file query_7.cif (mmCIF, C-alpha atoms)
data_protein
#
loop_
_atom_site.label_atom_id
_atom_site.label_comp_id
_atom_site.auth_asym_id
_atom_site.auth_seq_id
_atom_site.Cartn_x
_atom_site.Cartn_y
_atom_site.Cartn_z
CA MET T 1040 77.27 119.34 113.61
CA ARG T 1041 80.52 118.45 111.93
CA ASP T 1042 82.00 121.77 112.95
CA LEU T 1043 81.54 121.04 116.62
CA VAL T 1044 84.15 118.33 116.80
CA PRO T 1045 87.03 120.30 115.28
CA ALA T 1046 86.08 123.27 117.44
CA ALA T 1047 86.21 121.10 120.48
CA TYR T 1048 89.60 119.76 119.45
CA ALA T 1049 90.79 123.30 119.00
CA ALA T 1050 89.58 124.23 122.42
CA ALA T 1051 91.29 121.23 123.90
CA LEU T 1052 94.48 122.08 122.05
CA ALA T 1053 94.31 125.62 123.28
CA ALA T 1054 93.81 124.40 126.80
CA THR T 1055 96.79 122.13 126.43
CA LEU T 1056 98.97 124.99 125.27
CA ILE T 1057 97.95 127.15 128.15
CA ALA T 1058 98.57 124.36 130.59
CA SER T 1059 102.03 123.53 129.27
CA PRO T 1060 104.56 123.82 132.09
CA ALA T 1061 107.46 124.27 129.64
CA LEU T 1062 106.75 127.86 128.98
CA ALA T 1063 108.30 129.01 125.76
CA ALA T 1064 108.89 132.70 126.09
CA SER T 1065 108.06 134.76 123.10
CA VAL T 1066 111.08 136.56 121.67
CA GLN T 1067 111.77 139.63 123.73
CA SER T 1068 114.60 142.01 122.95
CA ALA T 1069 116.01 145.10 124.51
CA THR T 1070 118.76 147.41 123.37
CA ALA T 1071 120.90 149.70 125.46
CA GLN T 1072 123.06 152.40 124.01
CA GLY T 1073 126.35 152.16 125.83
CA GLN T 1074 129.39 154.21 125.06
CA VAL T 1075 133.13 153.95 124.80
CA ALA T 1076 135.25 156.89 125.91
CA ALA T 1077 138.94 157.50 125.45
CA VAL T 1078 141.17 160.52 125.37
CA ILE T 1079 144.02 160.14 122.93
CA VAL T 1080 146.61 162.77 123.57
CA GLU T 1081 149.21 163.98 121.14
CA PRO T 1082 152.59 162.80 122.36
CA ILE T 1083 154.78 165.30 124.10
CA MET T 1084 158.36 165.66 123.01
CA ALA T 1085 161.33 167.87 123.56
CA VAL T 1086 163.76 168.70 120.79
CA ALA T 1087 167.15 170.22 121.52
CA LEU T 1088 167.57 173.56 119.80
CA ASN T 1089 171.03 174.35 121.04
CA ASP T 1090 173.62 173.22 123.56
CA LEU T 1091 174.55 174.69 126.88
CA ASP T 1092 177.75 176.33 125.74
CA PHE T 1093 180.29 177.81 128.14
CA GLY T 1094 182.45 179.11 125.33
CA SER T 1095 186.22 179.30 125.67
CA LEU T 1096 187.85 180.27 128.92
CA THR T 1097 191.13 180.31 130.66
CA SER T 1098 191.89 178.81 134.01
CA SER T 1099 194.39 179.78 136.64
CA SER T 1100 197.10 177.40 137.58
CA THR T 1101 196.67 178.34 141.23
CA THR T 1102 193.07 179.41 141.74
CA SER T 1103 189.93 177.50 141.01
CA GLY T 1104 187.15 179.34 139.25
CA SER T 1105 183.85 178.91 137.53
CA ILE T 1106 181.66 180.20 134.77
CA THR T 1107 177.93 180.49 135.15
CA VAL T 1108 175.64 180.81 132.16
CA ASP T 1109 172.12 181.88 132.93
CA SER T 1110 168.96 181.17 130.99
CA LEU T 1111 169.44 184.30 128.88
CA GLY T 1112 172.97 183.39 127.92
CA VAL T 1113 174.72 185.87 130.18
CA ALA T 1114 178.05 184.52 131.43
CA THR T 1115 179.52 185.28 134.83
CA TYR T 1116 183.09 184.32 135.68
CA SER T 1117 184.55 183.87 139.10
CA GLY T 1118 187.87 182.93 140.68
CA GLY T 1119 190.54 181.74 138.32
CA ALA T 1120 188.21 181.37 135.36
CA ALA T 1121 188.19 184.09 132.72
CA PRO T 1122 186.93 184.46 129.18
CA ALA T 1123 189.38 183.55 126.49
CA CYS T 1124 188.19 186.39 124.35
CA ALA T 1125 187.47 190.04 124.65
CA GLY T 1126 183.75 190.12 124.19
CA GLY T 1127 183.66 188.38 120.85
CA GLY T 1128 185.17 185.54 118.93
CA ALA T 1129 184.85 182.28 120.82
CA CYS T 1130 182.80 183.95 123.52
CA ALA T 1131 179.98 184.53 121.05
CA GLY T 1132 178.90 180.92 121.36
CA ILE T 1133 177.98 181.16 125.02
CA ALA T 1134 174.38 180.12 125.41
CA PRO T 1135 172.04 178.21 127.63
CA ALA T 1136 170.67 174.87 126.49
CA ARG T 1137 167.38 175.33 124.71
CA PHE T 1138 164.64 172.85 124.03
CA LEU T 1139 161.40 173.08 122.16
CA VAL T 1140 158.57 171.18 123.82
CA SER T 1141 155.60 170.23 121.69
CA GLY T 1142 152.44 168.32 122.48
CA GLU T 1143 148.74 168.84 123.01
CA ALA T 1144 147.67 172.45 123.21
CA SER T 1145 147.03 173.88 126.66
CA ARG T 1146 148.14 170.80 128.51
CA SER T 1147 150.49 171.10 131.44
CA TYR T 1148 153.62 169.06 131.67
CA MET T 1149 156.55 168.32 133.92
CA VAL T 1150 160.22 168.68 133.15
CA SER T 1151 162.75 166.43 134.75
CA ALA T 1152 166.35 167.51 134.46
CA PRO T 1153 169.48 166.73 136.42
CA THR T 1154 170.90 169.36 138.69
CA GLN T 1155 174.42 168.23 138.08
CA ILE T 1156 176.30 166.53 135.26
CA VAL T 1157 179.92 165.74 134.51
CA ALA T 1158 181.83 166.89 131.44
CA SER T 1159 184.59 164.71 130.11
CA GLY T 1160 187.45 166.29 128.27
CA THR T 1161 189.84 165.53 125.47
CA LEU T 1162 193.22 167.15 125.82
CA ILE T 1163 194.09 169.56 123.08
CA ALA T 1164 197.69 168.52 123.34
CA GLY T 1165 197.99 164.83 122.64
CA GLY T 1166 194.32 163.97 122.50
CA GLY T 1167 194.26 162.09 125.78
CA SER T 1168 191.58 162.30 128.38
CA ALA T 1169 191.42 165.29 130.63
CA ARG T 1170 190.12 165.35 134.15
CA ASP T 1171 186.35 165.55 134.35
CA LEU T 1172 184.73 168.86 135.16
CA SER T 1173 181.56 169.32 137.14
CA ILE T 1174 178.61 171.24 135.87
CA ASP T 1175 176.05 172.03 138.53
CA GLU T 1176 173.33 174.49 139.43
CA LEU T 1177 171.46 173.43 136.32
CA SER T 1178 168.26 175.41 136.37
CA VAL T 1179 165.20 174.95 134.18
CA HIS T 1180 163.46 178.06 132.91
CA LEU T 1181 160.21 177.84 131.02
CA ASP T 1182 158.83 180.39 128.61
CA SER T 1183 155.33 179.45 129.76
CA HIS T 1184 156.20 180.75 133.19
CA ALA T 1185 157.98 183.86 132.00
CA GLY T 1186 161.32 182.21 132.31
CA SER T 1187 161.04 181.47 135.99
CA ILE T 1188 162.63 178.39 137.48
CA THR T 1189 160.04 175.68 137.67
CA SER T 1190 159.46 172.09 136.67
CA ILE T 1191 155.82 172.50 135.65
CA GLY T 1192 155.12 173.92 132.22
CA GLN T 1193 152.10 174.76 130.17
CA LEU T 1194 151.86 174.23 126.45
CA ASP T 1195 150.41 177.17 124.58
CA GLU T 1196 147.54 177.18 122.11
CA LYS T 1197 149.87 175.79 119.48
CA GLY T 1198 150.96 173.05 121.83
CA GLU T 1199 154.45 174.47 122.34
CA ASP T 1200 156.71 175.72 125.06
CA ARG T 1201 160.39 176.46 125.29
CA ILE T 1202 162.87 175.48 127.92
CA ALA T 1203 166.18 177.17 128.71
CA ILE T 1204 168.69 175.56 131.03
CA GLY T 1205 171.64 177.37 132.49
CA GLY T 1206 174.36 176.09 134.76
CA ARG T 1207 177.75 176.53 136.35
CA LEU T 1208 180.99 174.96 135.17
CA THR T 1209 183.61 174.66 137.87
CA VAL T 1210 187.19 174.89 136.69
CA PRO T 1211 189.75 173.63 139.19
CA ALA T 1212 193.13 175.29 139.38
CA GLY T 1213 195.56 173.96 136.84
CA THR T 1214 192.95 172.52 134.57
CA ALA T 1215 194.62 171.33 131.39
CA PRO T 1216 193.57 172.83 128.06
CA ALA T 1217 190.95 170.50 126.63
CA HIS T 1218 187.62 170.25 124.88
CA TYR T 1219 184.89 169.32 127.33
CA ARG T 1220 181.59 167.78 126.52
CA ALA T 1221 178.67 166.55 128.59
CA THR T 1222 175.30 165.14 127.87
CA LEU T 1223 172.31 166.91 129.33
CA THR T 1224 169.20 164.79 129.15
CA ILE T 1225 165.80 166.11 130.07
CA MET T 1226 162.47 164.38 130.16
CA VAL T 1227 159.07 165.93 129.62
CA THR T 1228 155.84 164.25 130.60
CA TYR T 1229 152.25 165.39 130.78
CA SER T 1230 151.21 166.16 134.29
CA MET A 710 56.89 105.73 104.76
CA LEU A 711 57.86 103.62 107.60
CA ARG A 712 61.41 103.69 106.41
CA VAL A 713 61.21 107.36 106.02
CA CYS A 714 59.83 107.81 109.48
CA HIS A 715 62.43 105.51 110.86
CA ALA A 716 64.98 107.46 109.09
CA PHE A 717 63.66 110.64 110.63
CA GLN A 718 63.82 109.08 114.07
CA ILE A 719 67.32 107.80 113.63
CA GLU A 720 68.84 111.02 112.33
CA PRO A 721 68.15 113.06 115.46
CA THR A 722 69.58 110.25 117.51
CA ARG A 723 72.86 110.32 115.56
CA TRP A 724 73.07 114.08 115.90
CA THR A 725 72.62 113.88 119.62
CA THR A 726 75.45 111.41 120.01
CA ALA A 727 77.86 113.51 118.04
CA ALA A 728 76.84 116.60 119.90
CA LEU A 729 77.38 114.89 123.20
CA PHE A 730 80.85 113.80 122.08
CA ALA A 731 81.69 117.28 121.05
CA ALA A 732 80.29 118.72 124.22
CA ALA A 733 82.33 116.27 126.21
CA LEU A 734 85.47 117.33 124.40
CA PHE A 735 84.67 120.95 124.95
CA ALA A 736 84.05 120.33 128.61
CA ALA A 737 87.34 118.51 128.81
CA ALA A 738 89.02 121.44 127.20
CA LEU A 739 87.45 123.83 129.63
CA PHE A 740 88.51 121.58 132.48
CA ALA A 741 92.00 121.45 131.16
CA ALA A 742 91.97 125.19 130.88
CA ALA A 743 90.79 125.41 134.44
CA LEU A 744 93.57 123.07 135.50
CA ALA A 745 96.02 125.16 133.61
CA SER A 746 94.85 128.21 135.41
CA THR A 747 95.42 126.41 138.64
CA ALA A 748 98.88 125.13 137.73
CA VAL A 749 100.28 128.45 136.49
CA PRO A 750 99.04 131.59 138.14
CA ALA A 751 97.34 133.93 135.79
CA ARG A 752 99.73 136.18 133.93
CA ALA A 753 99.49 139.77 135.03
CA ALA A 754 101.32 140.93 131.95
CA PRO A 755 103.22 139.50 129.03
CA PRO A 756 106.95 138.96 129.61
CA SER A 757 109.09 141.98 129.04
CA VAL A 758 112.80 142.74 128.85
CA SER A 759 114.77 145.83 129.60
CA LEU A 760 118.43 146.67 129.34
CA THR A 761 120.12 149.76 130.71
CA ALA A 762 123.61 151.12 130.20
CA ASP A 763 124.97 151.97 133.62
CA GLN A 764 128.61 152.70 132.89
CA THR A 765 130.67 153.78 129.90
CA LEU A 766 133.58 151.65 128.79
CA ARG A 767 136.38 153.97 129.81
CA PHE A 768 139.86 153.72 128.36
CA GLY A 769 141.15 156.80 130.14
CA SER A 770 143.81 159.14 128.78
CA PHE A 771 146.92 158.05 127.03
CA PHE A 772 149.12 158.91 124.14
CA THR A 773 150.67 156.92 121.41
CA ASP A 774 153.16 157.78 118.74
CA THR A 775 151.50 156.16 115.73
CA THR A 776 149.68 153.01 116.77
CA GLY A 777 148.91 151.42 120.07
CA SER A 778 146.23 149.68 122.02
CA ARG A 779 144.76 149.63 125.46
CA THR A 780 142.74 146.81 126.93
CA VAL A 781 140.24 147.22 129.71
CA SER A 782 138.86 143.83 130.68
CA ALA A 783 135.41 143.11 132.02
CA THR A 784 137.00 142.54 135.39
CA GLY A 785 138.68 145.93 135.30
CA SER A 786 142.28 144.98 134.60
CA VAL A 787 144.09 147.40 132.32
CA THR A 788 146.96 146.68 129.96
CA GLY A 789 148.49 148.59 127.10
CA SER A 790 150.76 148.24 124.15
CA ALA A 791 152.79 151.07 122.63
CA ILE A 792 150.96 153.68 124.66
CA VAL A 793 151.83 155.91 127.57
CA PRO A 794 148.99 156.18 130.07
CA LEU A 795 148.28 159.54 131.58
CA ALA A 796 146.77 160.56 134.85
CA GLY A 797 143.08 161.35 134.75
CA ALA A 798 139.82 159.49 134.80
CA ALA A 799 140.37 155.86 135.73
CA PRO A 800 139.73 153.24 133.04
CA GLY A 801 136.93 150.76 133.64
CA PRO A 802 134.55 148.39 131.90
CA ALA A 803 131.09 149.24 130.68
CA GLN A 804 128.24 148.00 132.81
CA PHE A 805 124.78 146.99 131.73
CA THR A 806 121.79 145.79 133.70
CA PHE A 807 119.44 143.27 132.16
CA SER A 808 116.00 142.77 133.61
CA TYR A 809 113.35 140.22 132.64
CA ASP A 810 109.81 140.46 133.91
CA ARG A 811 108.17 137.11 133.37
CA GLY A 812 104.77 138.65 133.90
CA ASN A 813 103.57 136.67 136.88
CA ASN A 814 104.49 136.05 140.45
CA ALA A 815 104.91 132.30 140.34
CA SER A 816 107.53 131.21 142.85
CA VAL A 817 109.32 128.92 140.47
CA THR A 818 113.04 128.87 139.94
CA TYR A 819 113.75 129.29 136.29
CA SER A 820 116.56 129.98 133.88
CA LEU A 821 116.74 132.23 130.88
CA LEU A 822 118.39 131.51 127.59
CA ILE A 823 119.42 134.85 126.16
CA SER A 824 121.49 136.03 123.26
CA VAL A 825 123.81 139.00 123.52
CA LEU A 826 124.76 140.93 120.44
CA VAL A 827 127.10 143.79 119.75
CA PRO A 828 125.74 144.73 116.34
CA SER A 829 128.89 146.09 114.78
CA THR A 830 132.49 147.06 115.33
CA ALA A 831 132.79 150.15 117.47
CA SER A 832 134.97 152.69 115.74
CA GLN A 833 135.48 156.38 115.28
CA VAL A 834 137.76 158.63 113.29
CA SER A 835 138.44 162.03 114.75
CA GLY A 836 140.96 164.19 112.97
CA GLY A 837 144.19 162.30 112.72
CA VAL A 838 143.13 159.69 115.25
CA SER A 839 141.12 156.55 114.69
CA GLY A 840 139.92 154.18 117.38
CA THR A 841 138.47 150.73 116.86
CA ILE A 842 137.23 148.03 119.17
CA ALA A 843 137.04 144.79 117.29
CA GLN A 844 136.51 142.48 120.23
CA PHE A 845 134.81 142.76 123.55
CA ASP A 846 134.86 140.57 126.59
CA THR A 847 132.26 140.17 129.28
CA ASP A 848 131.76 138.62 132.66
CA LEU A 849 128.51 136.96 131.62
CA PRO A 850 128.69 133.31 132.65
CA GLY A 851 130.31 131.01 130.14
CA VAL A 852 131.27 133.75 127.72
CA SER A 853 134.80 134.93 127.14
CA SER A 854 134.39 137.28 124.22
CA LEU A 855 131.78 139.13 122.23
CA LEU A 856 132.46 139.53 118.56
CA PRO A 857 130.66 142.31 116.74
CA GLY A 858 127.87 140.99 114.57
CA GLN A 859 127.79 137.61 116.22
CA SER A 860 125.16 136.64 118.75
CA THR A 861 126.36 134.86 121.82
CA GLN A 862 124.00 132.68 123.80
CA VAL A 863 124.08 132.77 127.56
CA THR A 864 122.06 130.86 130.11
CA LEU A 865 121.15 132.79 133.20
CA VAL A 866 120.32 130.39 135.97
CA GLY A 867 118.75 130.86 139.34
CA CYS A 868 116.02 133.34 138.53
CA GLN A 869 113.55 133.07 141.39
CA ARG A 870 111.32 136.05 141.27
CA ARG A 871 109.00 137.56 138.78
CA ILE A 872 111.74 139.98 137.79
CA CYS A 873 115.12 138.46 137.07
CA THR A 874 117.93 141.00 137.01
CA ARG A 875 121.53 140.56 136.06
CA THR A 876 124.29 143.14 135.90
CA PHE A 877 127.17 142.41 133.60
CA ARG A 878 130.27 144.21 132.48
CA VAL A 879 131.82 144.59 129.05
CA GLY A 880 135.45 145.31 128.37
CA GLY A 881 137.42 145.54 125.16
CA THR A 882 140.61 146.42 123.39
CA LEU A 883 140.83 149.83 121.80
CA GLN A 884 143.17 149.95 118.84
CA VAL A 885 144.38 153.45 118.13
CA ALA A 886 146.09 154.74 115.02
CA ARG A 887 147.33 158.30 115.12
CA SER A 888 148.79 160.43 112.37
CA THR A 889 148.43 163.88 113.90
CA GLY A 890 147.08 165.49 117.02
CA GLY A 891 144.88 163.92 119.61
CA ALA A 892 141.19 163.24 120.04
CA ASP A 893 138.45 162.70 122.56
CA LEU A 894 136.81 159.53 121.36
CA ALA A 895 133.15 158.87 122.18
CA ILE A 896 132.06 155.72 120.40
CA PRO A 897 128.54 154.31 120.64
CA LEU A 898 128.36 150.81 122.07
CA PRO A 899 124.90 149.36 121.52
CA ILE A 900 124.15 146.03 123.14
CA VAL A 901 121.13 143.94 122.17
CA VAL A 902 119.87 141.27 124.53
CA THR A 903 117.16 138.86 123.37
CA VAL A 904 115.38 136.36 125.57
CA LEU A 905 115.21 133.17 123.56
CA ALA A 906 113.52 130.95 126.10
CA GLU A 907 112.47 130.69 129.66
CA LEU A 908 113.65 127.31 130.89
#
call {"tool": "encode", "arguments": {"input": "query_7.cif", "output": "structure tokens"}}
result
Amino acid sequence: MRDLVPAAYAAALAATLIASPALAASVQSATAQGQVAAVIVEPIMAVALNDLDFGSLTSSSTTSGSITVDSLGVATYSGGAAPACAGGGACAGIAPARFLVSGEASRSYMVSAPTQIVASGTLIAGGGSARDLSIDELSVHLDSHAGSITSIGQLDEKGEDRIAIGGRLTVPAGTAPAHYRATLTIMVTYS
Amino acid sequence: MLRVCHAFQIEPTRWTTAALFAAALFAAALFAAALASTAVPARAAPPSVSLTADQTLRFGSFFTDTTGSRTVSATGSVTGSAIVPLAGAAPGPAQFTFSYDRGNNASVTYSLLISVLVPSTASQVSGGVSGTIAQFDTDLPGVSSLLPGQSTQVTLVGCQRRICTRTFRVGGTLQVARSTGGADLAIPLPIVVTVLAEL
């Protein structure tokens, strides 16, 4: 008999819990496996290996001329310009500009280079400034494309490529003897 | 004897009273239970929760010299520090879909109090590159950031149907340290959502 009352209370309590409008949800959890993705690429850079060097030349006092250095370092003279050597000596330095490009293996990249730059000179006699000379027809040759002229390169399996840049130096008639220097800046970016 | 007999007559009477009281309580309980059944439709199933990962948190392609960071916010904005972004797959936030099945079809507007947890810092070392996300952000209402290891409580209001679904996005800042080479980072991003209460 005494058990009936507590049982009844329990039943009433249970009924009260069921009837409660403030429903307390039991703890329910769920997990999702998301992901983060990123591609970190080794930086690309170009290092100058050697300068575009036109060597030593003579100019005519009456006829303008030019020297063209191709990507293989072969010099071609025209007009009043002529080598100041006979196949050796100062002429040995003639070379295209060369750059080593390094970055992530097998990635393609773009080369940006000017087509024309200006060389400023310092007079041999007296050390004053000489008249600027124009260097144009700058052409970019890439080893990854068998030396052809292009602005799109491909890094090899070691992440390297080489760039050669040739150009033409125009020498006006009567150009004073001087040392000429120009800055050739290129930019490489992944494409 | 008379006393004894009297006693015998009284005892059943007392038992009957108590039994009636108990029976009345039990009946009341049953009635209350019946009322309860009327007030809240019978549950078809216990409440359940699901969470799905719909989109990866994408930081895209970029390079950095030694250290840098890229932030992709929950809203999709992208910023960087000491990195150079590259063309390729577009960056974007992760997306998750949370779904709560309250187990019955009662047409009652309700809210959910949930906690959101990113269990730990997301990081990976691959070769000479390490990537770490120490802080996340989300577009869940009232929450600006999610710190790994810390639960964040969010109230989802306006649930009207048996199944309450919310899609939310998670962004973050990827800190990269690079000594050599590059890496394709694929870092797990587990998210735990717990329903604390139905309000």
call {"tool": "resolve_selection", "arguments": {"input": "query_7.cif", "expression": "the PyMOL selection byres ((chain T and resi 1184) around 12)", "output": "PyMOL selection string"}}
result
chain T and resi 1147+1179-1183+1185-1195+1200-1203
call {"tool": "write_last_selection", "arguments": {"input": "query_7.cif", "atoms": "C-alpha atoms", "output": "PDB file, keeping the file's coordinate frame"}}
result
ATOM      1  CA  SER T1147     150.490 171.100 131.440  1.00  0.00           C
ATOM      2  CA  VAL T1179     165.200 174.950 134.180  1.00  0.00           C
ATOM      3  CA  HIS T1180     163.460 178.060 132.910  1.00  0.00           C
ATOM      4  CA  LEU T1181     160.210 177.840 131.020  1.00  0.00           C
ATOM      5  CA  ASP T1182     158.830 180.390 128.610  1.00  0.00           C
ATOM      6  CA  SER T1183     155.330 179.450 129.760  1.00  0.00           C
ATOM      7  CA  ALA T1185     157.980 183.860 132.000  1.00  0.00           C
ATOM      8  CA  GLY T1186     161.320 182.210 132.310  1.00  0.00           C
ATOM      9  CA  SER T1187     161.040 181.470 135.990  1.00  0.00           C
ATOM     10  CA  ILE T1188     162.630 178.390 137.480  1.00  0.00           C
ATOM     11  CA  THR T1189     160.040 175.680 137.670  1.00  0.00           C
ATOM     12  CA  SER T1190     159.460 172.090 136.670  1.00  0.00           C
ATOM     13  CA  ILE T1191     155.820 172.500 135.650  1.00  0.00           C
ATOM     14  CA  GLY T1192     155.120 173.920 132.220  1.00  0.00           C
ATOM     15  CA  GLN T1193     152.100 174.760 130.170  1.00  0.00           C
ATOM     16  CA  LEU T1194     151.860 174.230 126.450  1.00  0.00           C
ATOM     17  CA  ASP T1195     150.410 177.170 124.580  1.00  0.00           C
ATOM     18  CA  ASP T1200     156.710 175.720 125.060  1.00  0.00           C
ATOM     19  CA  ARG T1201     160.390 176.460 125.290  1.00  0.00           C
ATOM     20  CA  ILE T1202     162.870 175.480 127.920  1.00  0.00           C
ATOM     21  CA  ALA T1203     166.180 177.170 128.710  1.00  0.00           C
TER      22      ALA T1203
END
call {"tool": "resolve_selection", "arguments": {"input": "query_7.cif", "expression": "the PyMOL selection byres ((chain T and resi 1218) around 9)", "output": "short mmCIF file (atom, residue, chain, number, x, y, z; two decimals) with C-alpha atoms, keeping the file's coordinate frame"}}
result
data_model
loop_
_atom_site.label_atom_id
_atom_site.label_comp_id
_atom_site.auth_asym_id
_atom_site.auth_seq_id
_atom_site.Cartn_x
_atom_site.Cartn_y
_atom_site.Cartn_z
CA SER T 1159 184.59 164.71 130.11
CA GLY T 1160 187.45 166.29 128.27
CA THR T 1161 189.84 165.53 125.47
CA LEU T 1162 193.22 167.15 125.82
CA ILE T 1163 194.09 169.56 123.08
CA ALA T 1169 191.42 165.29 130.63
CA PRO T 1216 193.57 172.83 128.06
CA ALA T 1217 190.95 170.50 126.63
CA TYR T 1219 184.89 169.32 127.33
CA ARG T 1220 181.59 167.78 126.52
#
call {"tool": "atom_distance", "arguments": {"input": "query_7.cif", "atom1": "atom CA of A:Gly851", "atom2": "atom CA of A:Gly777"}}
result
29.4 Å
call {"tool": "interface_residues", "arguments": {"input": "query_7.cif", "of": "chain A", "to": "chain T", "cutoff": "6 Å", "atoms": "all atoms listed in the file", "output": "ChimeraX atom specification"}}
result
/A:731,734-735,738,741-742,745,758-762,765-772,890-907
call {"tool": "atom_distance", "arguments": {"input": "query_7.cif", "atom1": "atom CA of T:Ser1100", "atom2": "atom CA of T:Ala1215"}}
result
9.0 Å
call {"tool": "atom_distance", "arguments": {"input": "query_7.cif", "atom1": "atom CA of T:Ser1145", "atom2": "atom CA of T:Ile1204"}}
result
22.2 Å
call {"tool": "axis_aligned_box", "arguments": {"input": "query_7.cif", "around": "stretch 813-829 of chain A", "padding_each_side": "8 Å", "output": "JSON"}}
result
{"center_x": 116.2, "center_y": 137.5, "center_z": 128.8, "size_x": 41.3, "size_y": 33.2, "size_z": 44.1}
call {"tool": "resolve_selection", "arguments": {"input": "query_7.cif", "expression": "the PyMOL selection byres ((chain A and resi 841) around 8)", "output": "PyMOL selection string"}}
result
chain A and resi 830-833+839-840+842-843+883-885
call {"tool": "closest_residue", "arguments": {"input": "query_7.cif", "among": "T:Asp1090, T:Arg1137, T:Ser1178, T:Leu1172", "to": "T:Ser1151", "atoms": "all atoms listed in the file"}}
result
T:Ser1178
call {"tool": "closest_residue", "arguments": {"input": "query_7.cif", "among": "A:Pro800, A:Gly836, A:Gly867, A:Gly812", "to": "A:Pro756", "atoms": "all atoms listed in the file"}}
result
A:Gly812
call {"tool": "residues_near_point", "arguments": {"input": "query_7.cif", "point": "(120.1, 134.0, 122.1)", "cutoff": "7 Å", "atoms": "only C-alpha atoms", "output": "PyMOL selection string"}}
result
chain A and resi 822-825+860-863+903-905
call {"tool": "residues_near_point", "arguments": {"input": "query_7.cif", "point": "(135.6, 140.0, 127.2)", "cutoff": "8 Å", "atoms": "all atoms listed in the file", "output": "list of chain:residue names"}}
result
A:Ser782, A:Ala783, A:Gln844, A:Phe845, A:Asp846, A:Thr847, A:Asp848, A:Val852, A:Ser853, A:Ser854, A:Leu855, A:Val879, A:Gly880, A:Gly881
